[in-house]
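S.K.: Quick one, my_file32.csv (CSV, C-alpha atoms (C1' of nucleotides)):
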chain,number,residue,atom,x,y,z
M,21,MET,CA,121.1,-33.2,-24.6
M,22,THR,CA,121.4,-30.3,-22.1
M,23,GLY,CA,122.6,-26.8,-22.6
M,24,GLU,CA,125.9,-25.7,-24.0
M,25,THR,CA,126.9,-24.7,-20.5
M,26,GLU,CA,126.6,-28.3,-19.3
M,27,ARG,CA,128.7,-29.4,-22.2
M,28,LYS,CA,131.5,-27.0,-21.3
M,29,ARG,CA,131.2,-28.0,-17.6
M,30,ALA,CA,131.6,-31.6,-18.5
M,31,ALA,CA,134.5,-30.9,-20.8
M,32,GLU,CA,136.3,-28.9,-18.1
M,33,HIS,CA,135.6,-31.6,-15.6
M,34,LEU,CA,137.1,-34.3,-17.7
M,35,ALA,CA,140.1,-32.0,-18.4
M,36,LEU,CA,140.6,-31.6,-14.7
M,37,THR,CA,140.4,-35.3,-14.1
M,38,LEU,CA,142.9,-36.0,-16.8
M,39,ALA,CA,145.2,-33.4,-15.4
M,40,THR,CA,144.9,-34.9,-11.9
M,41,ALA,CA,145.8,-38.2,-13.5
M,42,GLY,CA,149.1,-36.8,-14.6
M,43,MET,CA,148.4,-35.0,-17.9
M,44,GLN,CA,149.5,-31.4,-18.3
M,45,ARG,CA,146.7,-29.1,-17.5
M,46,MET,CA,146.5,-27.1,-20.8
M,47,GLY,CA,147.0,-30.2,-22.9
M,48,ALA,CA,144.1,-31.8,-21.1
M,49,ARG,CA,141.9,-28.8,-21.7
M,50,VAL,CA,142.8,-28.7,-25.4
M,51,LEU,CA,142.1,-32.4,-25.7
M,52,ALA,CA,138.8,-32.1,-24.0
M,53,ALA,CA,137.9,-29.3,-26.4
M,54,PHE,CA,138.5,-31.6,-29.3
M,55,LEU,CA,136.7,-34.4,-27.7
M,56,PHE,CA,133.5,-32.4,-27.0
M,57,THR,CA,133.2,-30.5,-30.2
M,58,ASP,CA,130.9,-31.3,-33.1
M,59,GLU,CA,132.9,-29.2,-35.4
M,60,GLU,CA,135.0,-31.0,-38.1
M,61,SER,CA,138.1,-29.3,-36.9
M,62,LEU,CA,139.4,-26.5,-34.7
M,63,THR,CA,142.0,-23.9,-35.2
M,64,ALA,CA,144.4,-22.5,-32.6
M,65,GLY,CA,142.3,-19.4,-32.6
M,66,ASP,CA,139.2,-21.3,-31.8
M,67,LEU,CA,140.9,-23.0,-28.9
M,68,SER,CA,142.3,-19.7,-27.6
M,69,GLU,CA,138.9,-18.1,-27.6
M,70,GLN,CA,137.0,-21.1,-26.3
M,71,LEU,CA,139.4,-21.8,-23.4
M,72,GLY,CA,140.1,-18.2,-22.7
M,73,VAL,CA,143.9,-18.6,-22.8
M,74,SER,CA,146.7,-17.0,-24.7
M,75,ALA,CA,147.8,-18.0,-28.1
M,76,GLY,CA,151.1,-19.0,-26.7
M,77,SER,CA,149.6,-21.5,-24.3
M,78,VAL,CA,147.5,-23.0,-27.1
M,79,SER,CA,150.5,-23.3,-29.3
M,80,GLY,CA,152.4,-25.3,-26.7
M,81,ALA,CA,149.5,-27.5,-25.7
M,82,VAL,CA,148.6,-28.3,-29.3
M,83,ARG,CA,152.1,-29.2,-30.1
M,84,MET,CA,152.0,-31.6,-27.1
M,85,VAL,CA,148.8,-33.4,-28.0
M,86,VAL,CA,149.9,-33.6,-31.7
M,87,GLN,CA,153.3,-35.0,-30.6
M,88,MET,CA,151.4,-37.5,-28.4
M,89,GLY,CA,149.5,-38.7,-31.4
M,90,LEU,CA,146.1,-37.7,-30.1
M,91,VAL,CA,145.4,-34.8,-32.4
M,92,GLU,CA,146.4,-34.3,-36.0
M,93,ARG,CA,146.7,-31.5,-38.4
M,94,VAL,CA,144.1,-31.6,-41.1
M,95,PRO,CA,144.7,-30.1,-44.5
M,96,ALA,CA,143.0,-26.7,-44.6
M,97,PRO,CA,142.0,-25.9,-48.1
M,98,GLY,CA,141.2,-22.2,-48.5
M,99,SER,CA,142.1,-21.2,-45.1
M,100,ARG,CA,145.2,-19.6,-43.8
M,101,ARG,CA,144.8,-21.1,-40.4
M,102,GLU,CA,145.9,-24.5,-39.3
M,103,HIS,CA,143.1,-26.9,-38.6
M,104,TYR,CA,143.3,-29.8,-36.2
M,105,ARG,CA,141.1,-32.7,-35.1
M,106,MET,CA,141.2,-35.7,-32.9
M,107,ARG,CA,142.6,-38.8,-34.4
M,108,ASP,CA,140.6,-42.0,-34.4
M,109,ARG,CA,142.0,-44.4,-31.9
M,110,ALA,CA,143.3,-41.5,-29.9
M,111,TRP,CA,142.6,-43.3,-26.6
M,112,SER,CA,144.3,-46.5,-27.3
M,113,THR,CA,147.2,-44.5,-28.6
M,114,LEU,CA,147.3,-42.6,-25.4
M,115,TYR,CA,147.2,-45.7,-23.4
M,116,GLY,CA,150.0,-47.2,-25.5
M,117,ARG,CA,152.0,-44.1,-25.0
M,118,GLN,CA,151.6,-44.1,-21.3
M,119,HIS,CA,153.7,-47.2,-21.4
M,120,ALA,CA,156.6,-45.7,-23.2
M,121,PRO,CA,158.3,-44.9,-19.8
M,122,ILE,CA,158.2,-48.7,-19.2
M,123,ASP,CA,161.2,-49.0,-21.5
M,124,ASP,CA,163.1,-46.5,-19.5
M,125,VAL,CA,162.3,-48.1,-16.2
M,126,LEU,CA,163.2,-51.5,-17.6
M,127,THR,CA,166.6,-50.2,-18.7
M,128,ALA,CA,167.2,-48.6,-15.3
M,129,VAL,CA,166.2,-51.9,-13.5
M,130,ALA,CA,168.3,-54.0,-15.8
M,131,ARG,CA,171.3,-51.8,-14.9
M,132,GLY,CA,170.5,-52.5,-11.3
M,133,VAL,CA,170.5,-56.2,-11.8
M,134,GLU,CA,174.0,-56.0,-13.4
M,135,VAL,CA,175.4,-53.9,-10.6
M,136,VAL,CA,173.9,-55.7,-7.5
M,137,GLY,CA,175.4,-58.9,-6.3
M,138,PRO,CA,173.3,-61.9,-5.2
M,139,GLY,CA,171.0,-61.2,-2.3
M,140,PRO,CA,167.5,-60.0,-1.5
M,141,ALA,CA,167.9,-56.8,-3.4
M,142,ARG,CA,168.9,-58.6,-6.6
M,143,GLU,CA,165.9,-60.9,-6.3
M,144,ARG,CA,163.6,-57.9,-6.0
M,145,LEU,CA,165.2,-56.3,-9.0
M,146,VAL,CA,164.9,-59.4,-11.1
M,147,TYR,CA,161.2,-59.6,-10.1
M,148,MET,CA,160.6,-56.1,-11.1
M,149,ARG,CA,162.4,-56.5,-14.4
M,150,ASP,CA,160.3,-59.6,-15.2
M,151,PHE,CA,157.2,-57.7,-14.4
M,152,TYR,CA,158.0,-54.8,-16.7
M,153,GLU,CA,159.1,-57.1,-19.4
M,154,PHE,CA,155.8,-58.9,-19.1
M,155,LEU,CA,153.9,-55.7,-19.4
M,156,LEU,CA,155.9,-54.5,-22.3
M,157,GLY,CA,154.8,-57.6,-24.2
M,158,GLU,CA,151.2,-57.7,-23.1
M,159,VAL,CA,150.0,-54.1,-23.6
M,160,PRO,CA,150.1,-54.1,-27.4
M,161,SER,CA,148.0,-57.2,-27.5
M,162,LEU,CA,145.6,-55.8,-25.0
M,163,ILE,CA,145.0,-52.8,-27.2
M,164,GLU,CA,144.7,-55.0,-30.3
M,165,ARG,CA,142.0,-57.0,-28.6
M,166,PHE,CA,140.0,-53.9,-28.0
M,167,GLU,CA,140.5,-52.7,-31.5
M,168,GLN,CA,139.3,-56.0,-32.9
M,169,ARG,CA,136.3,-56.1,-30.6
M,170,ARG,CA,135.4,-52.6,-31.6
M,171,GLY,CA,136.5,-53.0,-35.2
M,172,GLY,CA,133.2,-54.5,-36.4
M,173,SER,CA,131.0,-51.7,-35.2
M,174,ARG,CA,133.3,-48.7,-35.9
M,175,PRO,CA,136.1,-49.1,-38.4
G,11,MET,CA,178.7,-57.1,-8.4
G,12,THR,CA,180.4,-53.8,-8.5
G,13,GLY,CA,181.1,-51.2,-5.9
G,14,GLU,CA,178.6,-49.7,-3.5
G,15,THR,CA,178.9,-46.5,-5.4
G,16,GLU,CA,177.6,-48.2,-8.5
G,17,ARG,CA,174.7,-49.5,-6.6
G,18,LYS,CA,173.8,-46.1,-5.3
G,19,ARG,CA,174.1,-44.6,-8.8
G,20,ALA,CA,171.8,-47.3,-10.2
G,21,ALA,CA,169.3,-46.7,-7.4
G,22,GLU,CA,169.3,-42.9,-8.0
G,23,HIS,CA,169.0,-43.4,-11.7
G,24,LEU,CA,165.9,-45.6,-11.3
G,25,ALA,CA,164.4,-43.1,-8.9
G,26,LEU,CA,164.9,-40.4,-11.4
G,27,THR,CA,163.4,-42.5,-14.1
G,28,LEU,CA,160.3,-43.2,-12.0
G,29,ALA,CA,160.1,-39.6,-11.1
G,30,THR,CA,160.1,-38.6,-14.8
G,31,ALA,CA,157.4,-41.2,-15.4
G,32,GLY,CA,155.2,-39.3,-13.0
G,33,MET,CA,156.0,-40.5,-9.5
G,34,GLN,CA,156.9,-37.9,-6.9
G,35,ARG,CA,160.6,-37.5,-6.6
G,36,MET,CA,161.1,-38.2,-3.0
G,37,GLY,CA,158.7,-41.1,-3.0
G,38,ALA,CA,160.7,-42.6,-5.9
G,39,ARG,CA,164.0,-42.2,-4.1
G,40,VAL,CA,162.6,-43.9,-1.0
G,41,LEU,CA,161.2,-46.7,-3.1
G,42,ALA,CA,164.5,-47.2,-4.8
G,43,ALA,CA,166.3,-47.3,-1.5
G,44,PHE,CA,164.0,-50.1,-0.4
G,45,LEU,CA,164.4,-51.9,-3.6
G,46,PHE,CA,168.2,-51.8,-3.6
G,47,THR,CA,168.9,-52.7,0.0
G,48,ASP,CA,169.9,-56.1,1.3
G,49,GLU,CA,168.8,-55.1,4.8
G,50,GLU,CA,165.8,-56.8,6.2
G,51,SER,CA,164.2,-53.5,6.8
G,52,LEU,CA,164.9,-49.8,6.9
G,53,THR,CA,163.9,-47.1,9.4
G,54,ALA,CA,163.1,-43.5,8.7
G,55,GLY,CA,166.5,-42.6,10.1
G,56,ASP,CA,168.3,-44.9,7.8
G,57,LEU,CA,166.5,-43.4,4.8
G,58,SER,CA,167.2,-39.8,6.0
G,59,GLU,CA,170.8,-40.5,6.4
G,60,GLN,CA,171.2,-42.6,3.2
G,61,LEU,CA,169.4,-40.1,1.0
G,62,GLY,CA,170.7,-37.0,2.7
G,63,VAL,CA,167.3,-35.4,3.2
G,64,SER,CA,165.4,-34.1,6.2
G,65,ALA,CA,163.3,-36.3,8.5
G,66,GLY,CA,160.2,-34.4,7.4
G,67,SER,CA,160.7,-35.3,3.8
G,68,VAL,CA,161.2,-39.0,4.6
G,69,SER,CA,158.1,-39.0,6.8
G,70,GLY,CA,156.0,-37.7,3.9
G,71,ALA,CA,157.6,-39.9,1.3
G,72,VAL,CA,157.2,-43.1,3.5
G,73,ARG,CA,153.6,-42.3,4.2
G,74,MET,CA,153.1,-42.1,0.4
G,75,VAL,CA,154.7,-45.4,-0.5
G,76,VAL,CA,153.0,-47.1,2.4
G,77,GLN,CA,149.6,-45.7,1.4
G,78,MET,CA,150.3,-46.9,-2.2
G,79,GLY,CA,150.8,-50.3,-0.9
G,80,LEU,CA,154.4,-50.6,-2.0
G,81,VAL,CA,156.0,-50.6,1.4
G,82,GLU,CA,154.8,-51.9,4.7
G,83,ARG,CA,155.6,-51.4,8.4
G,84,VAL,CA,157.2,-54.4,9.9
G,85,PRO,CA,156.9,-55.2,13.6
G,86,ALA,CA,160.0,-54.0,15.3
G,87,PRO,CA,160.7,-56.1,18.3
G,88,GLY,CA,163.2,-54.6,20.7
G,89,SER,CA,163.5,-51.3,18.8
G,90,ARG,CA,161.9,-48.1,19.3
G,91,ARG,CA,162.1,-47.1,15.7
G,92,GLU,CA,159.6,-48.0,13.0
G,93,HIS,CA,160.9,-50.5,10.5
G,94,TYR,CA,159.7,-50.7,6.9
G,95,ARG,CA,160.3,-53.0,4.0
G,96,MET,CA,159.0,-53.5,0.5
G,97,ARG,CA,156.0,-55.6,0.0
G,98,ASP,CA,156.1,-58.6,-2.2
G,99,ARG,CA,154.2,-58.0,-5.4
G,100,ALA,CA,154.9,-54.3,-5.0
G,101,TRP,CA,155.1,-53.8,-8.7
G,102,SER,CA,152.0,-55.4,-9.7
G,103,THR,CA,150.3,-53.5,-7.0
G,104,LEU,CA,151.8,-50.3,-8.3
G,105,TYR,CA,150.6,-51.1,-11.8
G,106,GLY,CA,147.1,-51.8,-10.5
G,107,ARG,CA,147.0,-48.6,-8.6
G,108,GLN,CA,148.1,-46.6,-11.6
G,109,HIS,CA,144.7,-47.5,-13.0
G,110,ALA,CA,142.8,-46.0,-10.1
G,111,PRO,CA,142.4,-42.8,-12.1
G,112,ILE,CA,140.6,-44.8,-14.8
G,113,ASP,CA,137.6,-44.8,-12.6
G,114,ASP,CA,137.6,-41.1,-12.3
G,115,VAL,CA,138.1,-40.6,-16.0
G,116,LEU,CA,135.3,-43.0,-16.7
G,117,THR,CA,132.9,-41.1,-14.5
G,118,ALA,CA,133.8,-37.9,-16.2
G,119,VAL,CA,133.3,-39.3,-19.6
G,120,ALA,CA,130.0,-40.9,-18.7
G,121,ARG,CA,128.8,-37.5,-17.6
G,122,GLY,CA,129.8,-36.2,-21.0
G,123,VAL,CA,127.8,-38.9,-22.8
G,124,GLU,CA,124.8,-37.9,-20.8
G,125,VAL,CA,125.2,-34.2,-21.5
G,126,VAL,CA,126.1,-34.2,-25.2
G,127,GLY,CA,123.4,-34.8,-27.8
G,128,PRO,CA,123.8,-37.0,-30.9
G,129,GLY,CA,126.7,-36.1,-33.1
G,130,PRO,CA,130.4,-36.7,-33.6
G,131,ALA,CA,131.3,-35.5,-30.1
G,132,ARG,CA,129.0,-38.1,-28.6
G,133,GLU,CA,130.4,-40.9,-30.7
G,134,ARG,CA,133.9,-40.0,-29.6
G,135,LEU,CA,132.8,-39.9,-26.0
G,136,VAL,CA,131.1,-43.3,-26.3
G,137,TYR,CA,134.2,-44.7,-27.9
G,138,MET,CA,136.4,-43.4,-25.1
G,139,ARG,CA,134.0,-44.7,-22.4
G,140,ASP,CA,134.1,-48.1,-24.0
G,141,PHE,CA,137.8,-48.1,-24.1
G,142,TYR,CA,138.2,-47.2,-20.4
G,143,GLU,CA,135.6,-49.8,-19.4
G,144,PHE,CA,137.5,-52.4,-21.4
G,145,LEU,CA,140.7,-51.5,-19.6
G,146,LEU,CA,139.1,-51.5,-16.2
G,147,GLY,CA,138.0,-55.1,-16.8
G,148,GLU,CA,141.3,-56.3,-18.4
G,149,VAL,CA,143.9,-55.0,-16.1
G,150,PRO,CA,143.2,-57.2,-13.1
G,151,SER,CA,143.3,-60.3,-15.2
G,152,LEU,CA,146.6,-59.1,-16.8
G,153,ILE,CA,148.2,-58.8,-13.4
G,154,GLU,CA,146.7,-62.2,-12.3
G,155,ARG,CA,148.3,-63.8,-15.3
G,156,PHE,CA,151.7,-62.5,-14.4
G,157,GLU,CA,151.3,-63.6,-10.8
G,158,GLN,CA,150.3,-67.1,-11.9
G,159,ARG,CA,153.2,-67.4,-14.4
G,160,ARG,CA,155.5,-66.3,-11.7
G,161,GLY,CA,153.8,-68.1,-8.9
G,162,GLY,CA,155.5,-71.4,-9.6
G,163,SER,CA,159.1,-70.1,-9.3
G,164,ARG,CA,158.5,-67.6,-6.5
G,165,PRO,CA,155.6,-67.9,-4.1
X,4,DG,C1',156.8,-7.3,-53.8
X,5,DC,C1',153.7,-5.5,-50.0
X,6,DG,C1',150.6,-6.0,-46.4
X,7,DA,C1',147.9,-8.4,-43.2
X,8,DA,C1',146.7,-12.3,-40.5
X,9,DC,C1',148.2,-16.1,-38.0
X,10,DG,C1',151.3,-19.1,-35.5
X,11,DT,C1',155.5,-19.7,-32.8
X,12,DT,C1',159.1,-18.5,-29.6
X,13,DC,C1',161.0,-17.0,-25.5
X,14,DA,C1',161.9,-14.2,-21.3
X,15,DG,C1',159.7,-13.2,-17.4
X,16,DA,C1',155.6,-13.5,-14.0
X,17,DA,C1',152.6,-16.3,-11.4
X,18,DT,C1',151.2,-20.4,-9.6
X,19,DT,C1',151.9,-24.8,-7.8
X,20,DT,C1',154.6,-28.3,-6.0
X,21,DT,C1',158.2,-29.9,-3.0
X,22,DC,C1',161.6,-29.6,0.8
X,23,DT,C1',163.2,-28.0,5.1
X,24,DG,C1',163.5,-27.2,10.1
X,25,DA,C1',161.5,-26.1,14.3
X,26,DA,C1',157.7,-27.3,17.3
X,27,DT,C1',154.7,-31.0,18.8
X,28,DG,C1',153.2,-35.7,19.8
X,29,DC,C1',153.9,-40.4,21.2
X,30,DG,C1',155.8,-44.5,23.4
X,31,DG,C1',158.8,-47.0,26.2
X,32,DA,C1',162.6,-47.1,29.9
X,33,DC,C1',163.6,-46.1,34.3
V,13,DG,C1',155.5,-39.9,36.8
V,14,DT,C1',159.3,-38.2,34.3
V,15,DC,C1',162.7,-38.3,30.8
V,16,DC,C1',164.5,-39.4,26.3
V,17,DG,C1',164.5,-40.5,21.5
V,18,DC,C1',162.3,-40.9,17.5
V,19,DA,C1',158.5,-39.8,14.2
V,20,DT,C1',155.1,-36.5,12.6
V,21,DT,C1',153.2,-32.1,11.5
V,22,DC,C1',153.0,-27.7,9.5
V,23,DA,C1',154.3,-23.0,8.2
V,24,DG,C1',157.5,-21.0,5.4
V,25,DA,C1',161.3,-21.2,1.9
V,26,DA,C1',163.0,-23.0,-2.3
V,27,DA,C1',162.5,-25.0,-6.7
V,28,DA,C1',160.1,-26.4,-10.6
V,29,DT,C1',156.4,-25.9,-13.6
V,30,DT,C1',153.1,-23.4,-16.3
V,31,DC,C1',151.0,-19.3,-18.4
V,32,DT,C1',151.3,-15.0,-20.5
V,33,DG,C1',152.3,-11.3,-23.7
V,34,DA,C1',155.2,-9.0,-26.8
V,35,DA,C1',158.4,-9.7,-30.6
V,36,DC,C1',159.4,-12.3,-34.6
V,37,DG,C1',158.6,-15.5,-38.7
V,38,DT,C1',155.8,-17.2,-42.3
V,39,DT,C1',152.4,-17.7,-45.6
V,40,DC,C1',148.8,-16.2,-48.4
V,41,DG,C1',146.1,-12.7,-50.9
V,42,DC,C1',146.5,-8.9,-53.6
Could you quickly redo this structure as structure tokens?
M.R.:
Amino acid sequence: MTGETERKRAAEHLALTLATAGMQRMGARVLAAFLFTDEESLTAGDLSEQLGVSAGSVSGAVRMVVQMGLVERVPAPGSRREHYRMRDRAWSTLYGRQHAPIDDVLTAVARGVEVVGPGPARERLVYMRDFYEFLLGEVPSLIERFEQRRGGSRP
Amino acid sequence: MTGETERKRAAEHLALTLATAGMQRMGARVLAAFLFTDEESLTAGDLSEQLGVSAGSVSGAVRMVVQMGLVERVPAPGSRREHYRMRDRAWSTLYGRQHAPIDDVLTAVARGVEVVGPGPARERLVYMRDFYEFLLGEVPSLIERFEQRRGGSRP
DNA sequence: GCGAACGTTCAGAATTTTCTGAATGCGGAC
DNA sequence: GTCCGCATTCAGAAAATTCTGAACGTTCGC
């Protein structure tokens, strides 16, 4: 273990990396905050203070990560604030969610196959469609395999 | 087959879908143009005209898709222009590339594990690290399986 | 009920990303 | 060697995204 400063630096670095990889910046920062905390749960106020951003930004970012299924509200007995924490399996959930767009792409490609007559373009479209169909089928089992492998040591 | 208009509509729709899924807009439009054409190859001029955008935009977008490994320059005998076409296996390549950020995330998380002392946060970080390591190992074999399954019918 | 604390919403500001268009570079034809 | 046509680069404009901060609800304690 190193100092608290190091922890924050590592958290911010991960947030930046996730943001570069396509996640919204504030969502990534909030997520990193949850990931790196030893607290049971965090409130919007905690996040606002810890990240040095406005309550409004936190509100939006929290809504996003909750909607993504990465963070959940936790019942807050005896507190007026809303408490949140990371969900278990957050990462496999995230990975699964990243594949939601596959459905949309698949639909768009299928439309292309309908519209385009025989020829090279159509062959390409069929190939693409097959690939995305394949993915759509394989990803869940991929995640499941990880869960099972992990399942024994951390339920 | 339907009219040429339908084809363009389908191409633009796919481009928009890919853009929504995180790809840069112009890159997606260029890619869709390659995907939907029956021409052997396209030049920057073709793309510029077809998409109704400036040569500068095309240049940047083409550079991107080439660098992504989705499109390649094709020798242009007897023509001063540069010719490009989609590469075979473009989609599995794209999918593989989408996982390049995994390396970065993995590095960032590993740093977190080093920095954080025992506790819930560290457990979470270890879980995340394991998941991304698992992915990094599985994705190539996933793609390979698709290629093999497809290999017979389209070499 | 009343007051206070907290979260949310939304219009506007700031930042970042993306596109354009003119200048520049490059390669082949003559 | 010079010219011509196309591609690229890059500074600046345009557009989209993201953050803030003040106003508004809501919920709980009293």
S.K.: Between atom C1' of X:DT23 and atom CA of G:Ser67, what distance in Å does the model show, to one decimal?
M.R.: 7.8 Å
S.K.: Please, what distance in Å, to one decimal, runs between atom CA of M:Arg144 and atom CA of G:Tyr105?
M.R.: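 Computing it gives 15.8 Å between the two atoms.
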S.K.: Should the cut-off be 9 Å, what would the residue list for chain M against chain X look like, counting only C-alpha atoms (C1' of nucleotides), as a list in words?
M.R.: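 That gives Ala64, Gly65, Ala75, Gly76, Ser79, Gly80, Arg100, Arg101 and Glu102 of chain M for chain M.
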S.K.: I need the residue nearest chain M from this list: G:Val84, G:Ile153, G:Ala110, G:Leu24. Use only C-alpha atoms for the distance.
M.R.: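 Nearest candidate to chain M out of G:Val84, G:Ile153, G:Ala110, G:Leu24: G:Leu24.
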S.K.: Up to 12 Å from chain G, what residues of chain V turn up? Count all atoms listed in the file and give them as a list in words.
M.R.: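 Every residue meeting the condition is included here: DC16, DG17, DC18, DA19, DT20, DT21, DC22 and DA28 of chain V.
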S.K.: If the cut-off is 8 Å, can you tell me the residues of chain G near chain M, counting only C-alpha atoms? I'd like them as a short mmCIF file (atom, residue, chain, number, x, y, z; two decimals) with C-alpha atoms, in the frame of the given file.
M.R.:
data_model
loop_
_atom_site.label_atom_id
_atom_site.label_comp_id
_atom_site.auth_asym_id
_atom_site.auth_seq_id
_atom_site.Cartn_x
_atom_site.Cartn_y
_atom_site.Cartn_z
CA MET G 11 178.70 -57.10 -8.40
CA THR G 12 180.40 -53.80 -8.50
CA GLY G 13 181.10 -51.20 -5.90
CA GLU G 16 177.60 -48.20 -8.50
CA ARG G 17 174.70 -49.50 -6.60
CA ALA G 20 171.80 -47.30 -10.20
CA ALA G 21 169.30 -46.70 -7.40
CA HIS G 23 169.00 -43.40 -11.70
CA LEU G 24 165.90 -45.60 -11.30
CA THR G 27 163.40 -42.50 -14.10
CA LEU G 28 160.30 -43.20 -12.00
CA ALA G 31 157.40 -41.20 -15.40
CA GLY G 32 155.20 -39.30 -13.00
CA LEU G 45 164.40 -51.90 -3.60
CA PHE G 46 168.20 -51.80 -3.60
CA THR G 47 168.90 -52.70 0.00
CA ASP G 48 169.90 -56.10 1.30
CA TRP G 101 155.10 -53.80 -8.70
CA SER G 102 152.00 -55.40 -9.70
CA PRO G 111 142.40 -42.80 -12.10
CA ASP G 114 137.60 -41.10 -12.30
CA VAL G 115 138.10 -40.60 -16.00
CA ALA G 118 133.80 -37.90 -16.20
CA VAL G 119 133.30 -39.30 -19.60
CA ARG G 121 128.80 -37.50 -17.60
CA GLY G 122 129.80 -36.20 -21.00
CA GLU G 124 124.80 -37.90 -20.80
CA VAL G 125 125.20 -34.20 -21.50
CA VAL G 126 126.10 -34.20 -25.20
CA GLY G 127 123.40 -34.80 -27.80
CA PRO G 128 123.80 -37.00 -30.90
CA GLY G 129 126.70 -36.10 -33.10
CA PRO G 130 130.40 -36.70 -33.60
CA ALA G 131 131.30 -35.50 -30.10
CA ARG G 132 129.00 -38.10 -28.60
CA ARG G 134 133.90 -40.00 -29.60
CA LEU G 135 132.80 -39.90 -26.00
CA MET G 138 136.40 -43.40 -25.10
CA PHE G 141 137.80 -48.10 -24.10
CA PHE G 144 137.50 -52.40 -21.40
CA GLU G 148 141.30 -56.30 -18.40
CA LEU G 152 146.60 -59.10 -16.80
CA PHE G 156 151.70 -62.50 -14.40
#
S.K.: Extract, using only C-alpha atoms (C1' of nucleotides), all DNA, RNA and protein residues at most 7 Å from M:Gly47, discarding same-chain residues fewer than 6 positions from it, and format them as an NGL selection string.
M.R.: :M and (81-82 or 84-85)
S.K.: How many Å separate atom C1' of V:DA26 from atom CA of G:Glu59?
M.R.: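 That distance, rounded to one decimal, is 21.0 Å.
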S.K.: Need to verify the contact set: G:His93, 7 Å, only C-alpha atoms (C1' of nucleotides), exclusion of same-chain residues closer than 4 positions in sequence. Can you return it as a list in words?
M.R.: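 Here the answer would be Ser51, Leu52, Thr53, Arg83, Val84, Pro85 and Ala86 of chain G.
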S.K.: With N, CA, C and O atoms as the goal, would you fill in the gaps in stretch 124-135 of chain G and present it as a tab-separated table (two decimals), in the frame of the given file?
M.R.:
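Writing done, so here's out-v7.tsv:
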chain	number	residue	atom	x	y	z
G	124	GLU	N	126.13	-38.26	-21.19
G	124	GLU	CA	124.80	-37.90	-20.80
G	124	GLU	C	124.43	-36.48	-21.32
G	124	GLU	O	123.30	-36.20	-21.73
G	125	VAL	N	125.45	-35.63	-21.28
G	125	VAL	CA	125.20	-34.20	-21.50
G	125	VAL	C	125.17	-33.85	-22.98
G	125	VAL	O	124.51	-32.90	-23.39
G	126	VAL	N	125.90	-34.61	-23.79
G	126	VAL	CA	126.10	-34.20	-25.20
G	126	VAL	C	125.03	-34.96	-26.07
G	126	VAL	O	124.85	-36.18	-25.95
G	127	GLY	N	124.40	-34.21	-26.93
G	127	GLY	CA	123.40	-34.80	-27.80
G	127	GLY	C	124.08	-35.53	-28.98
G	127	GLY	O	125.30	-35.47	-29.16
G	128	PRO	N	123.28	-36.26	-29.77
G	128	PRO	CA	123.80	-37.00	-30.90
G	128	PRO	C	124.71	-36.20	-31.78
G	128	PRO	O	124.43	-35.03	-32.02
G	129	GLY	N	125.77	-36.82	-32.28
G	129	GLY	CA	126.70	-36.10	-33.10
G	129	GLY	C	128.10	-36.71	-32.98
G	129	GLY	O	128.28	-37.65	-32.22
G	130	PRO	N	129.06	-36.16	-33.69
G	130	PRO	CA	130.40	-36.70	-33.60
G	130	PRO	C	131.00	-36.70	-32.24
G	130	PRO	O	131.67	-37.65	-31.84
G	131	ALA	N	130.73	-35.63	-31.49
G	131	ALA	CA	131.30	-35.50	-30.10
G	131	ALA	C	130.81	-36.72	-29.31
G	131	ALA	O	131.60	-37.37	-28.62
G	132	ARG	N	129.54	-36.98	-29.42
G	132	ARG	CA	129.00	-38.10	-28.60
G	132	ARG	C	129.59	-39.40	-29.01
G	132	ARG	O	129.90	-40.24	-28.16
G	133	GLU	N	129.78	-39.61	-30.29
G	133	GLU	CA	130.40	-40.90	-30.70
G	133	GLU	C	131.78	-41.03	-30.13
G	133	GLU	O	132.15	-42.10	-29.67
G	134	ARG	N	132.52	-39.94	-30.16
G	134	ARG	CA	133.90	-40.00	-29.60
G	134	ARG	C	133.81	-40.32	-28.10
G	134	ARG	O	134.59	-41.13	-27.60
G	135	LEU	N	132.89	-39.67	-27.42
G	135	LEU	CA	132.80	-39.90	-26.00
G	135	LEU	C	132.41	-41.36	-25.68
G	135	LEU	O	132.95	-41.97	-24.77
